[in-house]
Amino acid sequence: METRFPEHRLAPQAAFESALGGKARLAVTGATGWLGSAVVAMALRAGIGPGDDRLRAYASRAGELDTEAGSVPLEALDQARPLEGPNWIVWHFAALGKERTAGLPPEEFVAANTAILEAAFRVMAAADRPRMVYSSSGAVYGADGHPPRLDQDPYGHVKGLQERAVLDWCAARDIPLVLPRVFNVGGPHGNKLNLYALSSLAQAALAGEAPTVAARGPVFRSYVHIEELIAVLAHRVRRDSTGIATPFDTAGREVVEIGDLAARVCDAAGLCPADVQRDYDPDRPASWYVGDARTYQAAVQAAGLTPIPLSAIVADTLASLAPSSGSAILRRDPRAL
């Protein structure tokens with residue numbers, strides 16, 4: 001393990017390794033995404049690699065994935081050979097993202113994501129007593145807290161459909177399942193950086209520019225560190241024994257308004273927080289996307305971890321995006337999920 005890591009990153013890595021033990025084998029779909037690349041990097045640091053068939057990574061096309069911890073080959077998920085033998089944990093993160101809803105009719109968006117999920121089921125169906133982590137999203141709640149209709153929010157609607165499909169498939173086979181509804185993450189391994197508030201703010205600050213916050217009304221978010229999240233999921237998936245799972249939200253202990261987040265990013269990057277640009281109207285309707293922290297924070301404690309504070313999440317996000325950083329994904333098939 002790299003000793004240059006700060007203590008708050010060493011602790012999740014150690015918890016991840018302790019949870020998995022010496023026999024776990026990991027299969028990661030959507031390996032080029034933020035969650036997937038974090039699992040791959042943490043697995044490689046733990047000595048779990050593709051050479052002894054303990055780590056397999058999937059994307060939409062074959063290729064190679066470089067992480068700060070090393071490289072792994074990528075298999076095309078729809079053509080991948082099935083998993084064989086025991087001790088597999090399938091981390092299913094592959095999906096068309098919300099940004100793809102702009103270019104696909106809703107029915108095609110549903111069909112494409114259904115095909116991805118069915119491909120993951122085919123890969124794991126013959127494995128001997130596998131376990132599964134399926135990443136859902138806070139979007140399942142919809143803008144009003146209720147599951148969105150397809151015509152309202154195709155992404156949130158599909159996540160709700162797939163939650164039920166995964167729950168039913170695992171329950172029918174008695175496959176242990178962990179099902180987080182992921183809200184906001186930060187730290188290293190990021191991708192699609194312009195689509196996320198924290199990474200967008202960090203990119204602007206690293207370019208020496210005072211960030212501009214487009215949202216005029218209040219926007220509240222809560223962040224968890226990506227490596228803390230992966231360690232927590234590893235602990236839960238090894239502990240849980242049946243396919244009867246209860247979805248839970250991922251949320252940090254601190255709720256932050258987006259303007260305050262921009263100020264923190266500026267301060268951490270050596271810029272003046274007062275220079276953040278925003279036409280702010282606090283009387284406008286607020287956007288509240290933070291999740292219920294109770295189950296996730298209890299899981300952090302159960303994994304033997306101290307929650308990583310927002311200040312460290314901001315610092316790690318900036319560090320991972322700095323030009324000298326070795327933590328970014330260096331080479332990726334642009335067509336990959």
# chains A, B, ... in the order shown; residues from 1 in each chain; ligands from 1

call {"tool": "residues_around", "arguments": {"residues": "A:His189", "least_positions_apart": "3", "cutoff": "12 Å", "atoms": "only C-alpha atoms", "output": "number ranges by chain"}}
result
A: 31-42, 65-69, 185-186, 192-193, 199, 225-227, 230, 316-321, 325-330

call {"tool": "residues_around", "arguments": {"residues": "A:Ala120", "least_positions_apart": "2", "cutoff": "12 Å", "atoms": "only C-alpha atoms", "output": "ChimeraX atom specification"}}
result
/A:27-30,57-60,76-83,90-95,113-118,122-127,132-134,166,169

call {"tool": "select_by_dssp", "arguments": {"residues": "stretch 142-283 of chain A", "states": "strand (DSSP E)", "output": "PDB file with N, CA and C atoms, in the first residue's frame"}}
result
ATOM      1  N   LEU A 177     -27.022  -9.881  -1.016  1.00  0.00           N
ATOM      2  CA  LEU A 177     -27.070  -8.659  -1.812  1.00  0.00           C
ATOM      3  C   LEU A 177     -26.942  -7.445  -0.904  1.00  0.00           C
ATOM      4  N   VAL A 178     -26.137  -6.480  -1.342  1.00  0.00           N
ATOM      5  CA  VAL A 178     -26.065  -5.165  -0.704  1.00  0.00           C
ATOM      6  C   VAL A 178     -26.491  -4.147  -1.742  1.00  0.00           C
ATOM      7  N   PRO A 180     -26.952  -0.206  -2.069  1.00  0.00           N
ATOM      8  CA  PRO A 180     -26.917   1.197  -1.667  1.00  0.00           C
ATOM      9  C   PRO A 180     -27.581   2.096  -2.702  1.00  0.00           C
ATOM     10  N   ARG A 181     -28.250   3.115  -2.222  1.00  0.00           N
ATOM     11  CA  ARG A 181     -28.733   4.188  -3.088  1.00  0.00           C
ATOM     12  C   ARG A 181     -27.733   5.329  -2.955  1.00  0.00           C
ATOM     13  N   VAL A 182     -26.876   5.447  -3.940  1.00  0.00           N
ATOM     14  CA  VAL A 182     -25.757   6.382  -3.861  1.00  0.00           C
ATOM     15  C   VAL A 182     -26.231   7.794  -4.195  1.00  0.00           C
ATOM     16  N   ASN A 184     -24.147  11.391  -3.217  1.00  0.00           N
ATOM     17  CA  ASN A 184     -23.006  12.195  -3.668  1.00  0.00           C
ATOM     18  C   ASN A 184     -21.709  11.626  -3.111  1.00  0.00           C
ATOM     19  N   VAL A 185     -20.717  11.431  -3.992  1.00  0.00           N
ATOM     20  CA  VAL A 185     -19.411  10.936  -3.577  1.00  0.00           C
ATOM     21  C   VAL A 185     -18.336  11.924  -4.010  1.00  0.00           C
ATOM     22  N   GLY A 186     -17.198  11.845  -3.344  1.00  0.00           N
ATOM     23  CA  GLY A 186     -16.056  12.670  -3.699  1.00  0.00           C
ATOM     24  C   GLY A 186     -14.773  11.928  -3.408  1.00  0.00           C
ATOM     25  N   THR A 212     -17.890  29.413 -10.644  1.00  0.00           N
ATOM     26  CA  THR A 212     -19.201  30.028 -10.819  1.00  0.00           C
ATOM     27  C   THR A 212     -20.265  29.008 -10.463  1.00  0.00           C
ATOM     28  N   VAL A 213     -21.163  29.372  -9.564  1.00  0.00           N
ATOM     29  CA  VAL A 213     -22.272  28.510  -9.179  1.00  0.00           C
ATOM     30  C   VAL A 213     -23.492  28.960  -9.961  1.00  0.00           C
ATOM     31  N   VAL A 219     -29.070  24.897  -2.816  1.00  0.00           N
ATOM     32  CA  VAL A 219     -28.807  23.522  -3.251  1.00  0.00           C
ATOM     33  C   VAL A 219     -28.045  22.827  -2.132  1.00  0.00           C
ATOM     34  N   PHE A 220     -28.651  21.821  -1.522  1.00  0.00           N
ATOM     35  CA  PHE A 220     -28.039  21.134  -0.393  1.00  0.00           C
ATOM     36  C   PHE A 220     -27.605  19.725  -0.799  1.00  0.00           C
ATOM     37  N   ARG A 221     -26.380  19.377  -0.408  1.00  0.00           N
ATOM     38  CA  ARG A 221     -25.816  18.077  -0.732  1.00  0.00           C
ATOM     39  C   ARG A 221     -25.077  17.521   0.487  1.00  0.00           C
ATOM     40  N   TYR A 223     -21.872  14.550   1.170  1.00  0.00           N
ATOM     41  CA  TYR A 223     -20.872  13.740   0.462  1.00  0.00           C
ATOM     42  C   TYR A 223     -20.290  12.649   1.345  1.00  0.00           C
ATOM     43  N   VAL A 224     -19.993  11.516   0.696  1.00  0.00           N
ATOM     44  CA  VAL A 224     -19.199  10.471   1.331  1.00  0.00           C
ATOM     45  C   VAL A 224     -17.965  10.239   0.470  1.00  0.00           C
ATOM     46  N   HIS A 225     -16.878   9.833   1.108  1.00  0.00           N
ATOM     47  CA  HIS A 225     -15.633   9.559   0.402  1.00  0.00           C
ATOM     48  C   HIS A 225     -15.775   8.247  -0.350  1.00  0.00           C
ATOM     49  N   PHE A 248     -30.499   1.121   1.101  1.00  0.00           N
ATOM     50  CA  PHE A 248     -30.195   2.185   2.052  1.00  0.00           C
ATOM     51  C   PHE A 248     -29.484   3.321   1.338  1.00  0.00           C
ATOM     52  N   ASP A 249     -29.661   4.532   1.876  1.00  0.00           N
ATOM     53  CA  ASP A 249     -29.043   5.725   1.299  1.00  0.00           C
ATOM     54  C   ASP A 249     -27.599   5.861   1.762  1.00  0.00           C
ATOM     55  N   VAL A 256     -24.142  20.355   3.175  1.00  0.00           N
ATOM     56  CA  VAL A 256     -23.497  21.599   2.754  1.00  0.00           C
ATOM     57  C   VAL A 256     -24.292  22.227   1.618  1.00  0.00           C
ATOM     58  N   GLU A 257     -24.454  23.536   1.674  1.00  0.00           N
ATOM     59  CA  GLU A 257     -25.064  24.264   0.572  1.00  0.00           C
ATOM     60  C   GLU A 257     -23.999  24.475  -0.493  1.00  0.00           C
ATOM     61  N   GLN A 277     -18.497  33.198  -7.842  1.00  0.00           N
ATOM     62  CA  GLN A 277     -19.494  33.952  -8.589  1.00  0.00           C
ATOM     63  C   GLN A 277     -20.853  33.249  -8.484  1.00  0.00           C
ATOM     64  N   ARG A 278     -21.882  34.027  -8.095  1.00  0.00           N
ATOM     65  CA  ARG A 278     -23.210  33.437  -8.005  1.00  0.00           C
ATOM     66  C   ARG A 278     -24.274  34.519  -7.887  1.00  0.00           C
TER      67      ARG A 278
END

call {"tool": "residues_around", "arguments": {"residues": "A:Ile258", "least_positions_apart": "5", "cutoff": "12 Å", "atoms": "only C-alpha atoms", "output": "PyMOL selection string"}}
result
chain A and resi 196-198+200-201+211-223+263-265+276-278+280+282+286-290

call {"tool": "select_by_dssp", "arguments": {"residues": "stretch 6-83 of chain A", "states": "alpha helix (DSSP H)", "output": "list in words"}}
result
Glu7, His8, Arg9, Leu10, Ala11, Pro12, Gln13, Ala14, Ala15, Phe16, Glu17, Ser18, Ala19, Leu20, Trp34, Leu35, Gly36, Ser37, Ala38, Val39, Val40, Ala41, Met42, Ala43, Leu44 and Arg45 of chain A

call {"tool": "atom_distance", "arguments": {"atom1": "atom CA of A:Ala14", "atom2": "atom CA of A:Ala268"}}
result
26.7 Å

call {"tool": "residues_around", "arguments": {"residues": "A:Gly51", "least_positions_apart": "3", "cutoff": "12 Å", "atoms": "only C-alpha atoms", "output": "list in words"}}
result
Arg25, Leu44, Gly47, Ile48, Arg54, Leu55, Arg56, Ser71, Val72 and Pro73 of chain A

call {"tool": "write_last_selection", "arguments": {"atoms": "all heavy atoms", "output": "PDB file, in the first residue's frame"}}
result
ATOM      1  N   ARG A  25     -12.892 -13.149  -4.545  1.00  0.00           N
ATOM      2  CA  ARG A  25     -12.658 -12.873  -5.961  1.00  0.00           C
ATOM      3  C   ARG A  25     -13.676 -11.814  -6.376  1.00  0.00           C
ATOM      4  O   ARG A  25     -14.859 -11.902  -6.018  1.00  0.00           O
ATOM      5  CB  ARG A  25     -12.821 -14.150  -6.788  1.00  0.00           C
ATOM      6  CG  ARG A  25     -11.969 -15.292  -6.269  1.00  0.00           C
ATOM      7  CD  ARG A  25     -12.453 -16.638  -6.772  1.00  0.00           C
ATOM      8  NE  ARG A  25     -12.007 -16.908  -8.132  1.00  0.00           N
ATOM      9  CZ  ARG A  25     -12.421 -17.972  -8.837  1.00  0.00           C
ATOM     10  NH1 ARG A  25     -13.319 -18.810  -8.322  1.00  0.00           N
ATOM     11  NH2 ARG A  25     -11.948 -18.176 -10.057  1.00  0.00           N
ATOM     12  N   LEU A  44      -6.443  -4.005  -6.394  1.00  0.00           N
ATOM     13  CA  LEU A  44      -5.048  -4.164  -6.797  1.00  0.00           C
ATOM     14  C   LEU A  44      -4.103  -3.866  -5.641  1.00  0.00           C
ATOM     15  O   LEU A  44      -3.109  -4.572  -5.431  1.00  0.00           O
ATOM     16  CB  LEU A  44      -4.741  -3.249  -7.990  1.00  0.00           C
ATOM     17  CG  LEU A  44      -5.389  -3.648  -9.321  1.00  0.00           C
ATOM     18  CD1 LEU A  44      -5.167  -2.558 -10.358  1.00  0.00           C
ATOM     19  CD2 LEU A  44      -4.845  -4.980  -9.821  1.00  0.00           C
ATOM     20  N   GLY A  47      -3.626  -6.721  -3.385  1.00  0.00           N
ATOM     21  CA  GLY A  47      -3.009  -7.916  -3.947  1.00  0.00           C
ATOM     22  C   GLY A  47      -3.983  -8.812  -4.680  1.00  0.00           C
ATOM     23  O   GLY A  47      -3.656  -9.960  -4.997  1.00  0.00           O
ATOM     24  N   ILE A  48      -5.182  -8.310  -4.959  1.00  0.00           N
ATOM     25  CA  ILE A  48      -6.176  -9.058  -5.724  1.00  0.00           C
ATOM     26  C   ILE A  48      -6.071  -8.605  -7.174  1.00  0.00           C
ATOM     27  O   ILE A  48      -6.384  -7.461  -7.494  1.00  0.00           O
ATOM     28  CB  ILE A  48      -7.593  -8.809  -5.178  1.00  0.00           C
ATOM     29  CG1 ILE A  48      -7.680  -9.220  -3.709  1.00  0.00           C
ATOM     30  CG2 ILE A  48      -8.636  -9.540  -6.009  1.00  0.00           C
ATOM     31  CD1 ILE A  48      -8.999  -8.839  -3.045  1.00  0.00           C
ATOM     32  N   ARG A  54      -8.667 -13.645  -9.799  1.00  0.00           N
ATOM     33  CA  ARG A  54      -9.355 -13.111  -8.626  1.00  0.00           C
ATOM     34  C   ARG A  54      -9.955 -11.740  -8.891  1.00  0.00           C
ATOM     35  O   ARG A  54     -10.672 -11.210  -8.039  1.00  0.00           O
ATOM     36  CB  ARG A  54      -8.406 -13.039  -7.429  1.00  0.00           C
ATOM     37  CG  ARG A  54      -7.998 -14.401  -6.880  1.00  0.00           C
ATOM     38  CD  ARG A  54      -7.224 -14.240  -5.585  1.00  0.00           C
ATOM     39  NE  ARG A  54      -8.029 -13.595  -4.550  1.00  0.00           N
ATOM     40  CZ  ARG A  54      -7.502 -12.987  -3.474  1.00  0.00           C
ATOM     41  NH1 ARG A  54      -6.180 -12.927  -3.319  1.00  0.00           N
ATOM     42  NH2 ARG A  54      -8.278 -12.432  -2.561  1.00  0.00           N
ATOM     43  N   LEU A  55      -9.669 -11.159 -10.049  1.00  0.00           N
ATOM     44  CA  LEU A  55     -10.217  -9.851 -10.378  1.00  0.00           C
ATOM     45  C   LEU A  55     -10.551  -9.802 -11.860  1.00  0.00           C
ATOM     46  O   LEU A  55      -9.682  -9.996 -12.704  1.00  0.00           O
ATOM     47  CB  LEU A  55      -9.216  -8.740 -10.036  1.00  0.00           C
ATOM     48  CG  LEU A  55      -9.639  -7.307 -10.391  1.00  0.00           C
ATOM     49  CD1 LEU A  55     -10.885  -6.892  -9.611  1.00  0.00           C
ATOM     50  CD2 LEU A  55      -8.502  -6.322 -10.119  1.00  0.00           C
ATOM     51  N   ARG A  56     -11.816  -9.558 -12.148  1.00  0.00           N
ATOM     52  CA  ARG A  56     -12.251  -9.396 -13.526  1.00  0.00           C
ATOM     53  C   ARG A  56     -13.018  -8.080 -13.641  1.00  0.00           C
ATOM     54  O   ARG A  56     -13.830  -7.743 -12.765  1.00  0.00           O
ATOM     55  CB  ARG A  56     -13.111 -10.575 -13.970  1.00  0.00           C
ATOM     56  CG  ARG A  56     -12.287 -11.857 -14.082  1.00  0.00           C
ATOM     57  CD  ARG A  56     -13.131 -13.070 -14.417  1.00  0.00           C
ATOM     58  NE  ARG A  56     -13.792 -12.935 -15.713  1.00  0.00           N
ATOM     59  CZ  ARG A  56     -14.626 -13.839 -16.215  1.00  0.00           C
ATOM     60  NH1 ARG A  56     -14.922 -14.930 -15.504  1.00  0.00           N
ATOM     61  NH2 ARG A  56     -15.177 -13.669 -17.391  1.00  0.00           N
ATOM     62  N   SER A  71      -2.804  -1.635 -13.746  1.00  0.00           N
ATOM     63  CA  SER A  71      -3.677  -1.814 -14.898  1.00  0.00           C
ATOM     64  C   SER A  71      -4.366  -3.168 -14.857  1.00  0.00           C
ATOM     65  O   SER A  71      -3.837  -4.138 -14.316  1.00  0.00           O
ATOM     66  CB  SER A  71      -2.868  -1.707 -16.198  1.00  0.00           C
ATOM     67  OG  SER A  71      -2.231  -0.452 -16.291  1.00  0.00           O
ATOM     68  N   VAL A  72      -5.553  -3.221 -15.479  1.00  0.00           N
ATOM     69  CA  VAL A  72      -6.271  -4.483 -15.626  1.00  0.00           C
ATOM     70  C   VAL A  72      -6.881  -4.527 -17.019  1.00  0.00           C
ATOM     71  O   VAL A  72      -7.242  -3.488 -17.583  1.00  0.00           O
ATOM     72  CB  VAL A  72      -7.392  -4.651 -14.573  1.00  0.00           C
ATOM     73  CG1 VAL A  72      -6.823  -4.714 -13.170  1.00  0.00           C
ATOM     74  CG2 VAL A  72      -8.411  -3.524 -14.685  1.00  0.00           C
ATOM     75  N   PRO A  73      -7.016  -5.721 -17.591  1.00  0.00           N
ATOM     76  CA  PRO A  73      -7.737  -5.831 -18.861  1.00  0.00           C
ATOM     77  C   PRO A  73      -9.232  -5.658 -18.636  1.00  0.00           C
ATOM     78  O   PRO A  73      -9.766  -6.008 -17.575  1.00  0.00           O
ATOM     79  CB  PRO A  73      -7.408  -7.252 -19.326  1.00  0.00           C
ATOM     80  CG  PRO A  73      -7.081  -7.999 -18.083  1.00  0.00           C
ATOM     81  CD  PRO A  73      -6.457  -7.006 -17.139  1.00  0.00           C
TER      82      PRO A  73
END

call {"tool": "residues_around", "arguments": {"residues": "A:Gln162", "least_positions_apart": "2", "cutoff": "10 Å", "atoms": "only C-alpha atoms", "output": "list of chain:residue names"}}
result
A:Val110, A:Asn113, A:Thr114, A:Leu117, A:Tyr134, A:Ser135, A:Ser136, A:Gly156, A:His157, A:Val158, A:Lys159, A:Gly160, A:Arg164, A:Ala165, A:Val166, A:Leu167, A:Asp168

call {"tool": "atom_distance", "arguments": {"atom1": "atom CA of A:Gly190", "atom2": "atom CA of A:Cys266"}}
result
18.9 Å

call {"tool": "residues_around", "arguments": {"residues": "stretch 301-303 of chain A", "least_positions_apart": "6", "cutoff": "8 Å", "atoms": "only C-alpha atoms", "output": "ChimeraX atom specification"}}
result
/A:15,231-232,235

call {"tool": "closest_residue", "arguments": {"among": "A:Ser241, A:Asn191, A:Asn87, A:Thr250", "to": "A:Asp128", "atoms": "only C-alpha atoms"}}
result
A:Asn87

call {"tool": "atom_distance", "arguments": {"atom1": "atom CA of A:Leu305", "atom2": "atom CA of A:Arg4"}}
result
19.6 Å

call {"tool": "residues_around", "arguments": {"residues": "A:Pro307", "least_positions_apart": "2", "cutoff": "10 Å", "atoms": "only C-alpha atoms", "output": "PyMOL selection string"}}
result
chain A and resi 8+12+224-225+228-229+252-253+297+300-301+304-305+309-310

call {"tool": "closest_residue", "arguments": {"among": "A:Gly187, A:Pro106, A:Pro130, A:Pro176", "to": "A:Pro154", "atoms": "only C-alpha atoms"}}
result
A:Pro106

call {"tool": "decode", "arguments": {"residues": "stretch 68-85 of chain A", "atoms": "N, CA, C and O atoms", "output": "PDB file, in the first residue's frame"}}
result
ATOM      1  N   GLU A  68      -4.443   4.281 -10.413  1.00  0.00           N
ATOM      2  CA  GLU A  68      -3.257   4.668  -9.661  1.00  0.00           C
ATOM      3  C   GLU A  68      -2.542   3.462  -9.066  1.00  0.00           C
ATOM      4  O   GLU A  68      -1.373   3.545  -8.687  1.00  0.00           O
ATOM      5  N   ALA A  69      -3.225   2.321  -8.993  1.00  0.00           N
ATOM      6  CA  ALA A  69      -2.637   1.120  -8.394  1.00  0.00           C
ATOM      7  C   ALA A  69      -2.181   0.095  -9.428  1.00  0.00           C
ATOM      8  O   ALA A  69      -1.643  -0.944  -9.050  1.00  0.00           O
ATOM      9  N   GLY A  70      -2.402   0.361 -10.708  1.00  0.00           N
ATOM     10  CA  GLY A  70      -1.996  -0.581 -11.739  1.00  0.00           C
ATOM     11  C   GLY A  70      -3.052  -0.716 -12.816  1.00  0.00           C
ATOM     12  O   GLY A  70      -4.067  -0.022 -12.810  1.00  0.00           O
ATOM     13  N   SER A  71      -2.804  -1.635 -13.746  1.00  0.00           N
ATOM     14  CA  SER A  71      -3.677  -1.814 -14.898  1.00  0.00           C
ATOM     15  C   SER A  71      -4.366  -3.168 -14.857  1.00  0.00           C
ATOM     16  O   SER A  71      -3.837  -4.138 -14.316  1.00  0.00           O
ATOM     17  N   VAL A  72      -5.553  -3.221 -15.479  1.00  0.00           N
ATOM     18  CA  VAL A  72      -6.271  -4.483 -15.626  1.00  0.00           C
ATOM     19  C   VAL A  72      -6.881  -4.527 -17.019  1.00  0.00           C
ATOM     20  O   VAL A  72      -7.242  -3.488 -17.583  1.00  0.00           O
ATOM     21  N   PRO A  73      -7.016  -5.721 -17.591  1.00  0.00           N
ATOM     22  CA  PRO A  73      -7.737  -5.831 -18.861  1.00  0.00           C
ATOM     23  C   PRO A  73      -9.232  -5.658 -18.636  1.00  0.00           C
ATOM     24  O   PRO A  73      -9.766  -6.008 -17.575  1.00  0.00           O
ATOM     25  N   LEU A  74      -9.894  -5.109 -19.635  1.00  0.00           N
ATOM     26  CA  LEU A  74     -11.346  -4.951 -19.605  1.00  0.00           C
ATOM     27  C   LEU A  74     -11.983  -5.958 -20.550  1.00  0.00           C
ATOM     28  O   LEU A  74     -11.565  -6.093 -21.700  1.00  0.00           O
ATOM     29  N   GLU A  75     -12.991  -6.654 -20.074  1.00  0.00           N
ATOM     30  CA  GLU A  75     -13.764  -7.558 -20.904  1.00  0.00           C
ATOM     31  C   GLU A  75     -15.061  -6.869 -21.332  1.00  0.00           C
ATOM     32  O   GLU A  75     -15.647  -6.101 -20.564  1.00  0.00           O
ATOM     33  N   ALA A  76     -15.506  -7.157 -22.545  1.00  0.00           N
ATOM     34  CA  ALA A  76     -16.813  -6.667 -22.985  1.00  0.00           C
ATOM     35  C   ALA A  76     -17.889  -7.448 -22.235  1.00  0.00           C
ATOM     36  O   ALA A  76     -17.949  -8.674 -22.330  1.00  0.00           O
ATOM     37  N   LEU A  77     -18.732  -6.754 -21.492  1.00  0.00           N
ATOM     38  CA  LEU A  77     -19.681  -7.420 -20.610  1.00  0.00           C
ATOM     39  C   LEU A  77     -20.632  -8.338 -21.379  1.00  0.00           C
ATOM     40  O   LEU A  77     -20.921  -9.452 -20.937  1.00  0.00           O
ATOM     41  N   ASP A  78     -21.100  -7.898 -22.545  1.00  0.00           N
ATOM     42  CA  ASP A  78     -22.091  -8.704 -23.253  1.00  0.00           C
ATOM     43  C   ASP A  78     -21.497  -9.938 -23.920  1.00  0.00           C
ATOM     44  O   ASP A  78     -22.230 -10.789 -24.425  1.00  0.00           O
ATOM     45  N   GLN A  79     -20.156 -10.055 -23.921  1.00  0.00           N
ATOM     46  CA  GLN A  79     -19.511 -11.224 -24.521  1.00  0.00           C
ATOM     47  C   GLN A  79     -18.664 -11.994 -23.505  1.00  0.00           C
ATOM     48  O   GLN A  79     -17.947 -12.927 -23.872  1.00  0.00           O
ATOM     49  N   ALA A  80     -18.737 -11.642 -22.248  1.00  0.00           N
ATOM     50  CA  ALA A  80     -17.826 -12.192 -21.247  1.00  0.00           C
ATOM     51  C   ALA A  80     -18.168 -13.640 -20.915  1.00  0.00           C
ATOM     52  O   ALA A  80     -19.331 -14.045 -20.897  1.00  0.00           O
ATOM     53  N   ARG A  81     -17.120 -14.420 -20.643  1.00  0.00           N
ATOM     54  CA  ARG A  81     -17.328 -15.798 -20.201  1.00  0.00           C
ATOM     55  C   ARG A  81     -17.882 -15.771 -18.781  1.00  0.00           C
ATOM     56  O   ARG A  81     -17.540 -14.907 -17.968  1.00  0.00           O
ATOM     57  N   PRO A  82     -18.732 -16.736 -18.448  1.00  0.00           N
ATOM     58  CA  PRO A  82     -19.349 -16.751 -17.114  1.00  0.00           C
ATOM     59  C   PRO A  82     -18.315 -16.969 -16.010  1.00  0.00           C
ATOM     60  O   PRO A  82     -17.263 -17.574 -16.225  1.00  0.00           O
ATOM     61  N   LEU A  83     -18.641 -16.480 -14.846  1.00  0.00           N
ATOM     62  CA  LEU A  83     -17.830 -16.742 -13.665  1.00  0.00           C
ATOM     63  C   LEU A  83     -17.956 -18.210 -13.276  1.00  0.00           C
ATOM     64  O   LEU A  83     -19.035 -18.797 -13.392  1.00  0.00           O
ATOM     65  N   GLU A  84     -16.861 -18.770 -12.792  1.00  0.00           N
ATOM     66  CA  GLU A  84     -16.864 -20.157 -12.345  1.00  0.00           C
ATOM     67  C   GLU A  84     -16.250 -20.247 -10.960  1.00  0.00           C
ATOM     68  O   GLU A  84     -15.359 -19.474 -10.607  1.00  0.00           O
ATOM     69  N   GLY A  85     -16.735 -21.215 -10.185  1.00  0.00           N
ATOM     70  CA  GLY A  85     -16.157 -21.465  -8.877  1.00  0.00           C
ATOM     71  C   GLY A  85     -16.716 -20.576  -7.787  1.00  0.00           C
ATOM     72  O   GLY A  85     -17.629 -19.778  -8.008  1.00  0.00           O
TER      73      GLY A  85
END
